[in-house]
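Here is the structure we will look at.
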Amino acid sequence: MGTPNPNYGTGVFRRRLHWRATEGLVAVALEDSNHGFRLRLRHDGSRIVAVDAEPVRFPFTTCPEAVRNAQQIVDLPLADAAALRERLPQPSNCTHLIDMALLAAAHAGDVGTERFYDIAVADERDGVTHARIECDGRLVHDWAIRAHVIEAPAELAGKPAMRGFYAWAAQTFSGMPFEAAQVLQRGYFVAQARRWSYEPIEQNPARTDGMPIGACYSYNTGAVERALRIKGSVRDYSKSSERLLQFADAP
């Protein structure tokens with residue numbers, strides 16, 4: 001499980017996500033303190049014809065192996081979200097590539113459109129975490145969360161920010177605010193990694209993390225036994241959000 005991060009409480013988890021839809025192509029790029037990915041989904045207007053996924057920065061040596069499994073959605077209809085999810089089961093795929101592929105498929109028809117999401121999840125202070133997301137520079141959601149339950153704004157008080165999130169969010173939001181809520185919730189989940197330090201990495205392979213088997217590809221049987229941490233894969237963007245996505249050309 002690592003050891004408590006001595007700097008936790010002084011920083012901010014940041015994530016940036018960018019998607020752009022052009023004729024026959026949706027490109028998505030994502031970067032945060034623990035990950036950097038690019039994905040290009042090609043389509044013919046109704047079906048997926050190719051998925052090109054590129055892990056740029058990732059926590060475990062086994063993560064790139066999950067790329068091949070993203071090909072399972074090739075030839076599926078863009079509009080059949082349930083079928084896409086069924087072909088991308090969590091235990092044999094990268095969580096972040098799943099999210100990016102589903103996002104790309106959802107926006108295949110939005111030719112000429114692009115969107116930037118910026119997520120900031122402050123370290124917990126006095127039991128409360130503040131999580132916010134902007135879309136193209138405009139604030140969409142700003143939540144105060146205690147023990148994984150939203151306290152503010154008042155209209156969302158008592159709603160879970162972890163298990164059970166999707167059910168209430170789908171009934172509460174629609175369109176871009178719903179998409180932004182899902183992106184923020186995923187960022188909030190990943191932000192919990194800031195609580196821990198995994199140095200020295202040689203003493204903290206994936207199998208020591210205590211994660212459930214099948215949580216993702218690298219935590220699944222057959223990979224978790226081999227998954228070693230990569231030195232330098234974790235970065236702190238608390239005070240340098242402008243550096244996010246600089247690893248990529250335009251997505």
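As shown in the structure tokens, the chain order sets the letters A, B, ...; within each chain, residues go from 1, and ligands are also counted from 1 in the order they appear.
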
Set the distance at 6 Å and use only C-alpha atoms: which residues neighbour Leu78 in chain A once local chain neighbours fewer than 5 positions away are removed? I'd like the list as a PyMOL selection string. chain A and resi 46-47+105

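Counting only C-alpha atoms, Thr62 in chain A has the following residues at most 7 Å away, ignoring those fewer than 3 positions along the same chain: A:Glu65, A:Ser218, A:Ala223, A:Ala227.
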
Write the selection just made, keeping C-alpha atoms, as a JSON list (two decimals), in the first residue's frame?
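And here is the file that came out, result-v3.json:
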```json
[["chain", "number", "residue", "atom", "x", "y", "z"],
["A", 65, "GLU", "CA", -0.05, -4.65, -22.67],
["A", 218, "SER", "CA", -2.33, -4.41, -14.29],
["A", 223, "ALA", "CA", -0.32, -9.18, -14.85],
["A", 227, "ALA", "CA", 3.66, -5.44, -12.64]]
```

Within 6 Å of range 111-127 of chain A using only C-alpha atoms, minus same-chain residues under 2 positions, as a PyMOL selection string: chain A and resi 9+11-23+109+129-136+146

Dump of N, CA and C atoms for the selected residues, as an mmCIF file, in the first residue's frame:
```cif
data_model
loop_
_atom_site.group_PDB
_atom_site.id
_atom_site.type_symbol
_atom_site.label_atom_id
_atom_site.label_comp_id
_atom_site.auth_asym_id
_atom_site.auth_seq_id
_atom_site.Cartn_x
_atom_site.Cartn_y
_atom_site.Cartn_z
ATOM 1 N N GLY A 9 -1.670 17.107 1.691
ATOM 2 C CA GLY A 9 -2.273 18.177 2.476
ATOM 3 C C GLY A 9 -1.818 19.542 2.024
ATOM 4 N N GLY A 11 -0.973 20.033 -1.522
ATOM 5 C CA GLY A 11 -0.979 20.090 -2.977
ATOM 6 C C GLY A 11 -2.347 19.904 -3.599
ATOM 7 N N VAL A 12 -2.332 19.765 -4.923
ATOM 8 C CA VAL A 12 -3.548 19.627 -5.720
ATOM 9 C C VAL A 12 -3.309 18.582 -6.805
ATOM 10 N N PHE A 13 -4.214 17.635 -6.907
ATOM 11 C CA PHE A 13 -4.203 16.710 -8.043
ATOM 12 C C PHE A 13 -4.815 17.433 -9.230
ATOM 13 N N ARG A 14 -4.127 17.385 -10.361
ATOM 14 C CA ARG A 14 -4.644 18.027 -11.569
ATOM 15 C C ARG A 14 -4.683 17.027 -12.719
ATOM 16 N N ARG A 15 -5.725 17.158 -13.509
ATOM 17 C CA ARG A 15 -5.878 16.329 -14.716
ATOM 18 C C ARG A 15 -6.419 17.214 -15.825
ATOM 19 N N ARG A 16 -5.913 17.009 -17.021
ATOM 20 C CA ARG A 16 -6.437 17.705 -18.200
ATOM 21 C C ARG A 16 -6.823 16.673 -19.245
ATOM 22 N N LEU A 17 -7.993 16.874 -19.823
ATOM 23 C CA LEU A 17 -8.496 15.986 -20.870
ATOM 24 C C LEU A 17 -8.934 16.843 -22.048
ATOM 25 N N HIS A 18 -8.536 16.434 -23.240
ATOM 26 C CA HIS A 18 -8.875 17.174 -24.457
ATOM 27 C C HIS A 18 -9.381 16.192 -25.499
ATOM 28 N N TRP A 19 -10.523 16.497 -26.098
ATOM 29 C CA TRP A 19 -10.968 15.707 -27.250
ATOM 30 C C TRP A 19 -11.299 16.642 -28.405
ATOM 31 N N ARG A 20 -11.089 16.115 -29.608
ATOM 32 C CA ARG A 20 -11.380 16.857 -30.823
ATOM 33 C C ARG A 20 -11.920 15.905 -31.873
ATOM 34 N N ALA A 21 -13.032 16.286 -32.484
ATOM 35 C CA ALA A 21 -13.672 15.454 -33.508
ATOM 36 C C ALA A 21 -13.498 16.089 -34.883
ATOM 37 N N THR A 22 -12.945 15.324 -35.805
ATOM 38 C CA THR A 22 -12.852 15.726 -37.203
ATOM 39 C C THR A 22 -13.521 14.643 -38.043
ATOM 40 N N GLU A 23 -13.548 14.819 -39.336
ATOM 41 C CA GLU A 23 -14.233 13.850 -40.203
ATOM 42 C C GLU A 23 -13.591 12.472 -40.067
ATOM 43 N N GLY A 109 -19.975 12.117 -33.877
ATOM 44 C CA GLY A 109 -20.817 12.944 -34.734
ATOM 45 C C GLY A 109 -20.604 14.440 -34.574
ATOM 46 N N THR A 129 -12.382 17.600 1.030
ATOM 47 C CA THR A 129 -11.687 17.731 -0.242
ATOM 48 C C THR A 129 -12.527 18.600 -1.166
ATOM 49 N N HIS A 130 -11.909 19.555 -1.823
ATOM 50 C CA HIS A 130 -12.597 20.386 -2.809
ATOM 51 C C HIS A 130 -12.212 19.910 -4.213
ATOM 52 N N ALA A 131 -13.213 19.566 -4.994
ATOM 53 C CA ALA A 131 -12.997 19.055 -6.349
ATOM 54 C C ALA A 131 -13.778 19.917 -7.330
ATOM 55 N N ARG A 132 -13.101 20.354 -8.392
ATOM 56 C CA ARG A 132 -13.758 21.229 -9.363
ATOM 57 C C ARG A 132 -13.331 20.873 -10.771
ATOM 58 N N ILE A 133 -14.170 21.215 -11.721
ATOM 59 C CA ILE A 133 -13.858 20.973 -13.120
ATOM 60 C C ILE A 133 -14.317 22.158 -13.948
ATOM 61 N N GLU A 134 -13.468 22.557 -14.887
ATOM 62 C CA GLU A 134 -13.782 23.587 -15.867
ATOM 63 C C GLU A 134 -13.860 22.947 -17.247
ATOM 64 N N CYS A 135 -14.752 23.461 -18.065
ATOM 65 C CA CYS A 135 -14.838 23.069 -19.472
ATOM 66 C C CYS A 135 -14.524 24.290 -20.317
ATOM 67 N N ASP A 136 -13.464 24.204 -21.085
ATOM 68 C CA ASP A 136 -13.026 25.327 -21.914
ATOM 69 C C ASP A 136 -12.892 26.617 -21.103
ATOM 70 N N ARG A 146 -16.637 15.085 1.801
ATOM 71 C CA ARG A 146 -16.146 14.555 3.072
ATOM 72 C C ARG A 146 -16.413 13.052 3.116
#
```

A:Arg243, A:Arg194, A:Arg68, A:Arg186 ranked by distance to Thr95 in chain A, top pick (using only C-alpha atoms):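 Smallest distance to Thr95 in chain A is found for A:Arg186.
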
Just checking: using only C-alpha atoms, which residue out of A:Ile213, A:Ala169, A:His35, A:Leu76 ends up closest to Cys63 in chain A?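 Checking each candidate against Cys63 in chain A, we get A:His35 as the closest.
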
Taking only C-alpha atoms into account, name the residue in A:Arg40, A:His141, A:His96, A:Arg85 that is nearest to Tyr217 in chain A.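 Among the listed residues, the smallest separation from Tyr217 in chain A belongs to A:His96.
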
Selected residue of minimal separation from Tyr237 in chain A among A:Leu103, A:Ile150, A:Ile201, A:Ala191, counting only C-alpha atoms: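 That would be A:Ala191, the residue with the smallest distance to Tyr237 in chain A.
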